$ cat upload-v3.txt   # compact mmCIF, C-alpha atoms
# COMPACT_ATOMS: atom_id res chain seq x y z
CA MET A 1 17.73 -1.22 18.68
CA ASP A 2 16.46 2.35 18.92
CA HIS A 3 13.62 3.38 21.25
CA SER A 4 10.85 2.79 18.68
CA GLU A 5 12.05 -0.77 17.98
CA VAL A 6 12.34 -1.54 21.70
CA LEU A 7 8.84 -0.17 22.25
CA GLN A 8 7.44 -2.17 19.35
CA GLN A 9 9.01 -5.36 20.66
CA ALA A 10 7.64 -4.69 24.15
CA GLY A 11 4.16 -4.25 22.66
CA TYR A 12 4.35 -7.58 20.84
CA VAL A 13 5.57 -9.39 23.97
CA PHE A 14 2.89 -7.78 26.15
CA LEU A 15 0.02 -8.70 23.80
CA ASN A 16 1.26 -12.24 23.17
CA ASP A 17 1.59 -12.87 26.92
CA LEU A 18 -1.88 -11.40 27.55
CA ASN A 19 -3.38 -13.53 24.78
CA ASP A 20 -1.88 -16.62 26.41
CA GLU A 21 -3.29 -15.59 29.81
CA ILE A 22 -6.77 -15.11 28.34
CA ASN A 23 -6.73 -18.32 26.31
CA HIS A 24 -5.64 -20.37 29.32
CA SER A 25 -8.19 -18.76 31.62
CA PHE A 26 -11.42 -18.71 29.62
CA SER A 27 -12.85 -21.55 31.68
CA LEU A 28 -12.31 -19.45 34.83
CA HIS A 29 -14.66 -16.72 33.52
CA MET A 30 -12.33 -13.80 34.22
CA ASP A 31 -13.80 -10.32 34.34
CA ASP A 32 -12.18 -7.14 33.08
CA LYS A 33 -10.66 -6.37 36.50
CA GLU A 34 -8.85 -9.70 36.51
CA ILE A 35 -7.55 -9.09 32.99
CA PHE A 36 -6.35 -5.68 34.15
CA GLN A 37 -4.51 -7.39 37.03
CA ARG A 38 -2.90 -9.80 34.56
CA CYS A 39 -1.79 -6.78 32.53
CA HIS A 40 0.00 -5.37 35.57
CA LEU A 41 1.68 -8.68 36.33
CA ILE A 42 3.10 -8.63 32.79
CA ILE A 43 4.10 -4.96 33.11
CA ASP A 44 5.96 -5.63 36.36
CA LYS A 45 8.39 -7.81 34.41
CA GLU A 46 9.49 -4.82 32.32
CA GLN A 47 12.76 -3.31 33.58
CA ASN A 48 12.84 -0.17 31.43
CA PRO A 49 10.82 2.57 33.23
CA GLN A 50 10.12 4.45 29.99
CA ILE A 51 8.75 1.35 28.28
CA LYS A 52 6.79 0.51 31.42
CA ALA A 53 4.98 3.87 31.23
CA PHE A 54 3.85 3.12 27.66
CA LEU A 55 2.66 -0.36 28.67
CA GLU A 56 0.67 1.10 31.57
CA THR A 57 -1.19 3.36 29.14
CA LEU A 58 -1.76 0.34 26.90
CA SER A 59 -3.32 -1.52 29.82
CA GLU A 60 -5.62 1.47 30.43
CA VAL A 61 -6.67 1.42 26.77
CA ILE A 62 -7.36 -2.31 26.98
CA ARG A 63 -9.48 -1.83 30.09
CA ALA A 64 -11.38 0.99 28.41
CA TYR A 65 -12.04 -1.31 25.44
CA LEU A 66 -13.28 -4.17 27.61
CA THR A 67 -15.58 -1.90 29.61
CA GLY A 68 -17.09 -0.19 26.58
CA ARG A 69 -15.20 3.10 27.02
CA ALA A 70 -13.13 2.65 23.87
CA SER A 71 -14.06 1.13 20.53
CA GLU A 72 -12.09 -1.54 18.72
CA ASP A 73 -11.14 1.25 16.30
CA ALA A 74 -9.51 3.14 19.17
CA LEU A 75 -7.64 0.05 20.38
CA ARG A 76 -6.35 -0.72 16.89
CA PHE A 77 -5.36 2.91 16.36
CA TYR A 78 -3.38 2.97 19.60
CA LEU A 79 -1.46 -0.22 18.81
CA ALA A 80 -0.59 0.95 15.30
CA GLU A 81 0.27 4.53 16.22
CA GLN A 82 2.06 4.10 19.54
CA PHE A 83 3.71 0.69 19.09
CA SER A 84 4.11 0.68 15.28
CA ILE A 85 2.37 -2.69 15.08
CA VAL A 86 1.40 -3.38 11.48
CA HIS A 87 -2.34 -3.61 10.82
CA GLU A 88 -2.09 -7.14 9.39
CA GLU A 89 -0.78 -8.45 12.73
CA ILE A 90 -3.19 -6.66 15.06
CA ASP A 91 -6.00 -9.19 14.50
CA GLY A 92 -3.95 -12.01 15.95
CA LEU A 93 -2.57 -9.94 18.82
CA ILE A 94 -5.98 -8.80 20.06
CA HIS A 95 -7.85 -12.02 19.25
CA GLY A 96 -8.17 -12.99 22.92
CA LEU A 97 -9.40 -9.54 23.96
CA VAL A 98 -12.01 -9.40 21.17
CA ALA A 99 -13.23 -12.92 21.96
CA PHE A 100 -13.47 -12.05 25.66
CA LYS A 101 -15.48 -8.90 24.99
CA TYR A 102 -17.84 -10.61 22.56
CA GLN A 103 -18.45 -13.46 24.99
CA PHE A 104 -19.39 -11.27 27.94
CA SER A 105 -20.87 -8.14 26.36
CA ASP A 106 -24.36 -7.46 25.10
CA MET A 107 -24.07 -7.58 21.32
CA ALA A 108 -27.59 -6.35 20.63
CA SER A 109 -27.79 -4.15 17.58
CA SER A 110 -28.15 -0.41 17.94
CA ASP A 111 -31.22 1.69 17.11
CA PRO A 112 -32.94 0.03 14.13
CA ALA A 113 -35.23 3.00 13.51
CA LEU A 114 -32.83 4.77 11.14
CA VAL A 115 -33.18 2.69 7.99
CA SER A 116 -32.77 5.17 5.12
CA PHE A 117 -30.55 8.18 4.37
CA ALA A 118 -33.48 10.54 4.95
CA ASP A 119 -33.83 9.25 8.51
CA TYR A 120 -30.38 10.56 9.43
CA PRO A 121 -30.21 14.24 10.41
CA LYS A 122 -27.36 16.07 8.71
CA VAL A 123 -24.08 16.67 10.55
CA SER A 124 -22.11 19.68 9.30
CA VAL A 125 -18.38 19.45 10.02
CA ILE A 126 -16.41 22.70 9.81
CA ILE A 127 -12.60 22.50 9.59
CA THR A 128 -10.46 25.64 9.76
CA THR A 129 -6.98 25.30 8.30
CA TYR A 130 -3.80 27.25 7.68
CA ASN A 131 -0.57 25.75 6.29
CA ARG A 132 -1.12 22.24 7.67
CA LYS A 133 -1.96 20.19 4.60
CA ALA A 134 -0.58 16.89 5.96
CA PHE A 135 -2.60 17.20 9.15
CA LEU A 136 -5.64 18.44 7.23
CA TYR A 137 -5.73 15.36 5.03
CA GLN A 138 -5.90 13.12 8.11
CA ALA A 139 -8.60 15.26 9.71
CA ILE A 140 -10.82 15.08 6.61
CA GLN A 141 -10.30 11.35 6.19
CA SER A 142 -11.25 10.75 9.84
CA ILE A 143 -14.67 12.29 9.09
CA LEU A 144 -15.18 10.61 5.71
CA LYS A 145 -14.50 7.22 7.32
CA GLN A 146 -17.25 7.73 9.88
CA ASP A 147 -20.07 5.19 9.45
CA TYR A 148 -22.63 7.97 9.80
CA PRO A 149 -23.90 8.59 6.24
CA HIS A 150 -25.44 12.09 6.25
CA LYS A 151 -22.43 14.35 6.81
CA GLU A 152 -20.88 17.28 5.01
CA ILE A 153 -17.40 18.73 5.53
CA THR A 154 -16.61 22.39 4.93
CA VAL A 155 -12.90 23.23 4.88
CA ILE A 156 -12.14 26.93 5.17
CA ASP A 157 -8.56 27.72 4.19
CA ASP A 158 -7.11 30.90 5.71
CA CYS A 159 -5.00 31.72 2.65
CA SER A 160 -2.48 28.89 3.04
CA THR A 161 0.79 28.97 1.09
CA ASP A 162 1.87 25.34 1.57
CA GLY A 163 -0.10 23.72 -1.25
CA THR A 164 -3.34 23.20 0.69
CA GLU A 165 -5.43 24.36 -2.28
CA GLU A 166 -3.73 21.81 -4.57
CA LEU A 167 -4.26 19.06 -1.98
CA MET A 168 -7.96 19.85 -1.76
CA GLN A 169 -8.37 19.82 -5.53
CA GLN A 170 -6.41 16.62 -6.09
CA SER A 171 -7.65 14.59 -3.10
CA PHE A 172 -11.17 15.88 -2.51
CA GLY A 173 -12.16 17.79 -5.64
CA ASP A 174 -14.54 15.00 -6.68
CA GLU A 175 -15.78 14.23 -3.17
CA PRO A 176 -19.43 15.41 -2.94
CA GLN A 177 -19.32 15.49 0.87
CA VAL A 178 -16.43 18.01 0.96
CA ILE A 179 -16.77 21.77 0.32
CA TYR A 180 -13.65 23.92 0.00
CA MET A 181 -13.58 27.64 0.82
CA ARG A 182 -10.46 29.80 0.51
CA ASN A 183 -9.88 33.27 1.96
CA GLU A 184 -8.14 35.98 -0.05
CA LYS A 185 -6.37 37.14 3.12
CA ASN A 186 -5.67 35.72 6.56
CA SER A 187 -8.42 36.44 9.09
CA GLY A 188 -7.89 33.93 11.92
CA PRO A 189 -9.72 30.73 12.97
CA GLY A 190 -12.41 32.48 15.03
CA ASN A 191 -13.67 34.51 12.06
CA ASN A 192 -13.36 31.50 9.78
CA ARG A 193 -15.53 29.28 11.95
CA ARG A 194 -18.28 31.87 11.88
CA LYS A 195 -17.89 32.44 8.13
CA ALA A 196 -18.02 28.72 7.26
CA PHE A 197 -20.92 28.14 9.64
CA ALA A 198 -22.91 30.98 8.06
CA ALA A 199 -22.23 29.65 4.56
CA HIS A 200 -22.63 25.89 5.00
CA GLY A 201 -23.43 24.98 8.62
CA ASP A 202 -27.02 24.02 7.89
CA GLY A 203 -26.97 20.55 9.44
CA GLU A 204 -29.11 19.75 12.46
CA TYR A 205 -25.80 19.07 14.24
CA VAL A 206 -22.43 20.82 13.91
CA LEU A 207 -18.86 19.75 14.70
CA PHE A 208 -16.01 22.30 14.69
CA LEU A 209 -12.72 20.52 13.99
CA ASP A 210 -9.21 22.00 13.99
CA ASP A 211 -7.00 20.89 11.11
CA ASP A 212 -4.48 19.05 13.30
CA ASP A 213 -7.00 16.98 15.29
CA TYR A 214 -8.93 13.92 14.15
CA LEU A 215 -11.45 11.26 15.15
CA ILE A 216 -10.44 7.63 15.64
CA ASP A 217 -13.75 5.98 16.56
CA MET A 218 -15.44 5.43 13.22
CA ASN A 219 -18.86 5.15 14.93
CA TYR A 220 -18.53 8.34 16.93
CA LEU A 221 -20.86 10.60 14.92
CA SER A 222 -23.52 7.88 15.11
CA LYS A 223 -23.07 7.66 18.87
CA ALA A 224 -23.27 11.45 19.24
CA VAL A 225 -26.44 11.78 17.16
CA ASP A 226 -28.05 8.88 19.06
CA PHE A 227 -27.14 10.64 22.31
CA HIS A 228 -28.80 13.86 21.10
CA ASN A 229 -31.93 11.91 20.14
CA LEU A 230 -32.11 10.38 23.62
CA HIS A 231 -31.41 13.68 25.40
CA PRO A 232 -33.12 16.55 23.57
CA GLU A 233 -32.37 18.93 26.45
CA ILE A 234 -28.64 19.13 25.66
CA SER A 235 -26.82 21.76 23.59
CA PHE A 236 -23.83 19.54 22.88
CA VAL A 237 -22.26 16.17 23.56
CA ALA A 238 -18.50 15.55 23.92
CA ALA A 239 -16.18 12.62 24.64
CA ASN A 240 -12.67 11.68 25.79
CA VAL A 241 -9.52 11.86 23.67
CA PHE A 242 -5.94 10.78 23.36
CA LEU A 243 -3.48 13.61 23.92
CA GLU A 244 -0.72 13.22 21.36
CA TYR A 245 2.53 14.72 22.62
CA SER A 246 4.11 15.17 19.22
CA LYS A 247 7.57 16.05 20.51
CA ALA A 248 7.78 12.96 22.75
CA LYS A 249 5.83 10.78 20.30
CA GLN A 250 3.57 9.62 23.11
CA LEU A 251 -0.18 9.17 23.44
CA LYS A 252 -1.95 9.56 26.78
CA ILE A 253 -5.60 9.21 27.72
CA SER A 254 -7.44 12.40 28.66
CA SER A 255 -10.66 11.45 30.44
CA LEU A 256 -13.20 14.14 31.32
CA GLN A 257 -14.68 12.01 34.13
CA LEU A 258 -17.97 13.87 33.92
CA ASN A 259 -21.53 12.67 34.44
CA LYS A 260 -23.59 11.66 31.44
CA ILE A 261 -25.65 14.85 31.75
CA ILE A 262 -24.59 18.04 33.53
CA LYS A 263 -27.16 20.75 34.10
CA LYS A 264 -26.41 23.90 32.14
CA GLN A 265 -26.23 26.27 35.11
CA ASP A 266 -23.91 23.99 37.10
CA TYR A 267 -21.46 23.62 34.23
CA PHE A 268 -21.70 27.25 33.15
CA MET A 269 -21.00 28.67 36.60
CA ASN A 270 -18.13 26.24 37.28
CA PHE A 271 -16.66 25.99 33.77
CA GLU A 272 -12.95 25.00 33.88
CA LYS A 273 -12.98 24.83 37.67
CA LYS A 274 -12.11 21.61 39.53
CA GLY A 275 -14.53 18.86 38.58
CA TYR A 276 -15.82 20.76 35.52
CA PRO A 277 -13.07 20.50 32.88
CA LYS A 278 -13.40 21.87 29.36
CA PRO A 279 -13.28 19.23 26.63
CA SER A 280 -10.08 19.29 24.55
CA SER A 281 -10.82 21.91 21.90
CA THR A 282 -14.10 21.01 20.11
CA LEU A 283 -12.86 17.95 18.26
CA THR A 284 -15.38 15.51 19.80
CA THR A 285 -18.13 18.03 20.47
CA VAL A 286 -21.26 17.72 18.38
CA PHE A 287 -23.39 20.83 18.88
CA LYS A 288 -27.08 21.19 18.20
CA ARG A 289 -27.40 23.86 15.51
CA GLU A 290 -30.56 25.17 17.12
CA ALA A 291 -28.54 25.88 20.29
CA LEU A 292 -25.78 27.64 18.35
CA MET A 293 -28.34 29.92 16.71
CA ALA A 294 -30.12 30.57 20.00
CA MET A 295 -26.86 31.67 21.61
CA ASP A 296 -26.24 34.04 18.66
CA ILE A 297 -23.11 32.49 17.16
CA LEU A 298 -23.31 34.68 14.04
CA SER A 299 -22.71 37.82 16.11
CA MET A 300 -19.67 36.46 17.97
CA ASN A 301 -16.42 38.39 17.55
CA MET A 302 -14.30 35.46 18.75
CA VAL A 303 -15.67 32.01 17.88
CA ASN A 304 -13.20 30.09 20.04
CA ASP A 305 -13.93 26.90 21.93
CA ALA A 306 -14.43 28.32 25.44
CA SER A 307 -16.83 30.98 24.18
CA ILE A 308 -18.86 28.47 22.14
CA TYR A 309 -19.18 26.20 25.18
CA LEU A 310 -20.17 29.01 27.55
CA ARG A 311 -22.78 30.44 25.20
CA SER A 312 -24.17 26.97 24.47
CA LEU A 313 -24.53 26.31 28.21
CA LEU A 314 -26.85 29.31 28.46
CA VAL A 315 -29.42 27.50 26.33
CA GLY A 316 -29.00 23.78 27.08
CA ASP A 317 -27.41 21.09 29.22
CA ALA A 318 -24.13 19.30 28.44
CA GLY A 319 -23.79 15.65 27.52
CA PHE A 320 -20.78 13.34 27.73
CA ILE A 321 -20.03 9.95 26.22
CA ASP A 322 -17.39 8.06 28.16
CA THR A 323 -15.43 6.84 25.16
CA LEU A 324 -12.10 7.57 23.47
CA ALA A 325 -13.23 9.30 20.30
CA GLY A 326 -10.35 11.39 18.91
CA VAL A 327 -6.79 12.65 19.07
CA TYR A 328 -5.82 16.14 20.24
CA ARG A 329 -2.31 17.06 19.15
CA LEU A 330 0.01 18.91 21.50
CA HIS A 331 2.81 20.54 19.51
CA GLY A 332 5.86 21.14 21.71
CA ASP A 333 4.50 21.93 25.15
CA ASN A 334 1.34 23.42 23.53
CA ILE A 335 1.21 26.20 26.13
CA THR A 336 0.77 29.69 24.72
CA PHE A 337 3.00 32.09 26.63
CA HIS A 338 2.90 34.95 24.13
CA LEU A 339 -0.67 36.19 23.95
CA SER A 340 -1.15 39.54 22.27
CA GLN A 341 -3.00 42.28 24.10
CA GLY A 342 -5.51 42.41 21.25
CA PHE A 343 -6.30 38.70 21.58
CA LEU A 344 -6.60 39.02 25.35
CA ILE A 345 -8.97 42.00 25.17
CA GLU A 346 -11.16 40.23 22.60
CA ASN A 347 -11.33 37.26 24.94
CA LEU A 348 -12.29 39.41 27.92
CA GLU A 349 -14.86 41.39 25.94
CA GLU A 350 -16.47 38.15 24.74
CA LYS A 351 -16.80 36.95 28.34
CA LEU A 352 -18.27 40.32 29.31
CA LEU A 353 -20.87 39.89 26.55
CA ILE A 354 -21.65 36.40 27.86
CA LYS A 355 -22.05 37.80 31.37
CA ASN A 356 -24.53 40.41 30.13
CA MET A 357 -26.44 37.79 28.09
CA ALA A 358 -26.73 35.59 31.17
CA VAL A 359 -28.24 38.44 33.19
CA GLN A 360 -30.40 40.18 30.59
CA THR A 361 -31.68 37.18 28.60
CA TYR A 362 -31.39 34.11 30.81
CA GLY A 363 -32.25 35.44 34.26
CA TYR A 364 -28.95 35.00 36.10
CA SER A 365 -28.52 37.38 39.03
CA GLU A 366 -26.35 40.47 38.54
CA GLN A 367 -24.33 39.77 41.69
CA GLU A 368 -23.79 36.13 40.77
CA MET A 369 -22.57 37.02 37.29
CA THR A 370 -20.36 39.85 38.55
CA GLU A 371 -18.57 37.30 40.72
CA TRP A 372 -18.42 34.89 37.78
CA PHE A 373 -16.90 37.50 35.48
CA SER A 374 -14.48 38.71 38.17
CA HIS A 375 -13.16 35.16 38.59
CA ASN A 376 -12.77 34.67 34.82
CA ALA A 377 -11.23 38.10 34.24
CA TYR A 378 -8.73 37.65 37.08
CA ASP A 379 -7.62 34.25 35.74
CA THR A 380 -7.25 35.58 32.17
CA ILE A 381 -5.37 38.74 33.12
CA SER A 382 -3.16 36.88 35.59
CA TYR A 383 -2.13 34.43 32.89
CA TYR A 384 -1.20 37.31 30.61
CA LEU A 385 0.75 39.20 33.28
CA LEU A 386 2.63 36.06 34.33
CA ASN A 387 3.56 34.88 30.84
CA SER A 388 3.13 37.53 28.15
CA ALA A 389 3.42 41.05 29.64
CA LYS A 390 6.81 42.56 28.77
CA ASP A 391 7.10 45.81 30.68
CA ALA A 392 5.37 48.34 32.94
CA THR A 393 3.25 49.63 30.05
CA ASP A 394 1.61 46.21 29.62
CA PHE A 395 0.92 45.96 33.36
CA LYS A 396 -0.55 49.48 33.54
CA PHE A 397 -2.75 48.83 30.51
CA MET A 398 -4.27 45.71 32.08
CA TYR A 399 -4.69 47.42 35.46
CA HIS A 400 -6.58 50.24 33.74
CA TRP A 401 -8.77 47.76 31.83
CA ALA A 402 -9.62 45.97 35.08
CA LEU A 403 -10.43 49.24 36.85
CA THR A 404 -12.75 50.27 34.01
CA HIS A 405 -14.50 46.97 33.30
CA CYS A 406 -14.07 44.84 36.41
CA PRO A 407 -13.33 47.04 39.48
CA PRO A 408 -13.59 44.21 42.07
CA ILE A 409 -10.28 42.67 40.86
CA TYR A 410 -8.29 45.88 40.40
CA ASN A 411 -6.71 46.09 43.86
CA GLN A 412 -6.06 42.37 43.98
CA LEU A 413 -4.19 42.47 40.65
CA ARG A 414 -2.11 45.45 41.76
CA SER A 415 -1.24 43.71 45.02
CA ASP A 416 -0.57 40.24 43.58
CA PHE A 417 1.58 41.40 40.66
CA ARG A 418 3.50 44.30 42.20
CA THR A 419 6.51 42.05 42.92
CA LYS A 420 6.27 40.45 39.47
CA LEU A 421 6.46 43.87 37.79
CA ILE A 422 9.45 44.92 39.91
CA LYS A 423 11.28 41.72 38.97
CA LYS A 424 10.60 42.30 35.27
CA GLN A 425 11.89 45.86 35.55
CA LEU A 426 15.05 44.77 37.39
CA LEU A 427 15.66 42.04 34.83
CA ARG A 428 15.29 44.56 32.00
CA ILE A 429 17.80 46.92 33.67
CA SER A 430 20.20 44.02 34.20
CA ILE A 431 19.98 43.00 30.54
CA LEU A 432 20.52 46.58 29.36
CA ARG A 433 23.58 46.95 31.59
CA SER A 434 25.08 43.70 30.30
CA LEU A 435 24.54 44.86 26.71
CA LEU A 436 26.17 48.22 27.41
CA ARG A 437 29.27 46.49 28.82
CA ARG A 438 29.88 44.60 25.56
$ encode --input "upload-v3.txt" --output "C-alpha cells"
Amino acid sequence: MDHSEVLQQAGYVFLNDLNDEINHSFSLHMDDKEIFQRCHLIIDKEQNPQIKAFLETLSEVIRAYLTGRASEDALRFYLAEQFSIVHEEIDGLIHGLVAFKYQFSDMASSDPALVSFADYPKVSVIITTYNRKAFLYQAIQSILKQDYPHKEITVIDDCSTDGTEELMQQSFGDEPQVIYMRNEKNSGPGNNRRKAFAAHGDGEYVLFLDDDDYLIDMNYLSKAVDFHNLHPEISFVAANVFLEYSKAKQLKISSLQLNKIIKKQDYFMNFEKKGYPKPSSTLTTVFKREALMAMDILSMNMVNDASIYLRSLLVGDAGFIDTLAGVYRLHGDNITFHLSQGFLIENLEEKLLIKNMAVQTYGYSEQEMTEWFSHNAYDTISYYLLNSAKDATDFKFMYHWALTHCPPIYNQLRSDFRTKLIKKQLLRISILRSLLRR
C-alpha cells in the first residue's frame, strides 16, 4: 500500500477502536480529558512515526470538537480530507463521539431573535483571484454553503488567463448572491480589494477572502455576526484555522490562543509580537464595515492583511472565536524570499501612514509611535536584506531609506548587516570567477 492507503487504514482503525472505547465506557461517564487519554493509548500502538503524527493531530481535532472548539463540519472535513474517509462512512465512525457530545453538552438553541431575512445584517464577501479557478470554485462554494442567509460574494478577477471567466459564467452566472468583476489589466490583490469594496462592499460586515483559502464551518458567519452583536466595541472577529501544507498533503491546527476580547491599544502596539499573533490572512476575519470606513480603507495604497488589521485596531477592539473555521493553504514552504523593493517600500510607507494616523487622529504619543514604527521598519527591512537583497546597491538603498524616514534604526542596520553584505559580495566574486574559468 502507498502512504495514502496506509494513512486511510490507520484512520479507520483509530476511529473504530475509539468508538468501541466510548461505547463500552458510557456508564462510567467519561469526560473529554479521559477520551483524549484513550486516544493516546490507541496512538501509542502505532509503530509508524509518520502515521503517528497524523493520528496525534486527529486526536487534537477530536478534543477540539468535544470541547466546542471545532464544529462537526470541521471534524467531518478533516476525516475526509486528511484520511480520505468517504462521507458515507463518517457517520458510523464518529457515532460514539457525536453521542458523547450530545449527551454532555448544552444543546439549547442559538439566538431566536433573528427570525426573518430582514433581521440578518448583510455580510459582503470579497474574493480576489488570479489564475486559480479550481481553488476559486472551492472558496465560493464554502461561502454559499454557509447557513447565514444574507450574504453576497464579489469575485474580482485580476485578468486571469486560465478560464476563470468561463468558470464564473458557467457555475455562478445564475447565482444571485455572486457578483463577478473582471479587470482589463493586472493590478494586484491590494488594489482589487479596495476596488471591489468600493463597488460592492456595502454589507454591515465584510470578509476579505483569498481565492485559495476557504471556510469549513458552515455556521461560521452566523457565529461571527452573533459575536459582533454581543460585542459592539470590536472592529473585527477572527478564528482558528487548519494550515494545509499542500506539498506534504498534511493539515495542522493553527490556534491563535488569544483572549475573547483584546483591547485595541494592546493588540495594536504588540501586533505580531509574542502572544499577539496575526490571524492567518483574513480568511476567518469578519470586519465591521463602519470600522473599515473609519480607518479610511478607500485611501489605502496597499490593502493587505497586516495593514487592514492595524488600521482597524485604531478604531476598535479585536474579537476571537476559539473554533476551527477555515483552511489556509501553504503552497511549497509559503515563505516569500523574493520581495521587490517597490513592494517593500509600499509596505513601509503604509506603516508610516498608520503611525501618523495613530498620533494625529487617535492620540498616541509621538515617542511611543516612533518606537513602534522603528521596530516594524527594522523587522521589515531586515527580512528584505536577509532574503531578497542581491547586491550592495540594494543594501545602500535601504540604508538611505532608513536614514531618511527612520533614523533611529540606521546605525543598527549598518552594524547588523555589514557582515551579510560582505558575504554577498564575496559570493558574487566567487561565482564570477568560476564562470570566467569555464
$ residues_around --input "upload-v3.txt" --residues "A:Ile253" --least-positions-apart "3" --cutoff "10 Å" --atoms "all atoms listed in the file" --output "short mmCIF file (atom, residue, chain, number, x, y, z; two decimals) with C-alpha atoms, in the coordinates of the input"
data_model
loop_
_atom_site.label_atom_id
_atom_site.label_comp_id
_atom_site.auth_asym_id
_atom_site.auth_seq_id
_atom_site.Cartn_x
_atom_site.Cartn_y
_atom_site.Cartn_z
CA THR A 57 -1.19 3.36 29.14
CA LEU A 58 -1.76 0.34 26.90
CA GLU A 60 -5.62 1.47 30.43
CA VAL A 61 -6.67 1.42 26.77
CA ASN A 240 -12.67 11.68 25.79
CA VAL A 241 -9.52 11.86 23.67
CA PHE A 242 -5.94 10.78 23.36
CA LEU A 243 -3.48 13.61 23.92
CA GLU A 244 -0.72 13.22 21.36
CA LEU A 256 -13.20 14.14 31.32
CA LEU A 324 -12.10 7.57 23.47
CA VAL A 327 -6.79 12.65 19.07
#
$ residues_around --input "upload-v3.txt" --residues "stretch 265-277 of chain A" --least-positions-apart "2" --cutoff "7 Å" --atoms "all atoms listed in the file" --output "PyMOL selection string"
chain A and resi 256+262-263+279+310+313+372
$ residues_around --input "upload-v3.txt" --residues "stretch 120-135 of chain A" --least-positions-apart "5" --cutoff "7 Å" --atoms "all atoms listed in the file" --output "PyMOL selection string"
chain A and resi 114+150-162+164+189+192-193+196+201-212
$ closest_residue --input "upload-v3.txt" --among "A:Ser222, A:Asn19, A:Asn183, A:Ser84" --to "A:Gly96" --atoms "all atoms listed in the file"
A:Asn19
$ residues_around --input "upload-v3.txt" --residues "A:Asp20" --least-positions-apart "2" --cutoff "12 Å" --atoms "all atoms listed in the file" --output "number ranges by chain"
A: 13-18, 22-26, 35, 38-39, 42, 92-97
$ atom_distance --input "upload-v3.txt" --atom1 "atom CA of A:Leu167" --atom2 "atom CA of A:Tyr137"
8.1 Å
$ closest_residue --input "upload-v3.txt" --among "A:Gly190, A:Ala392, A:Ile297, A:Ala199" --to "A:Asn347" --atoms "all atoms listed in the file"
A:Gly190
$ closest_residue --input "upload-v3.txt" --among "A:Ser299, A:Asn259, A:Thr323, A:Ser235" --to "A:Leu66" --atoms "all atoms listed in the file"
A:Thr323
$ residues_around --input "upload-v3.txt" --residues "A:Leu55" --least-positions-apart "3" --cutoff "9 Å" --atoms "all atoms listed in the file" --output "NGL selection string"
:A and (7 or 10-11 or 14 or 39-40 or 43 or 46 or 50-52 or 58-60)
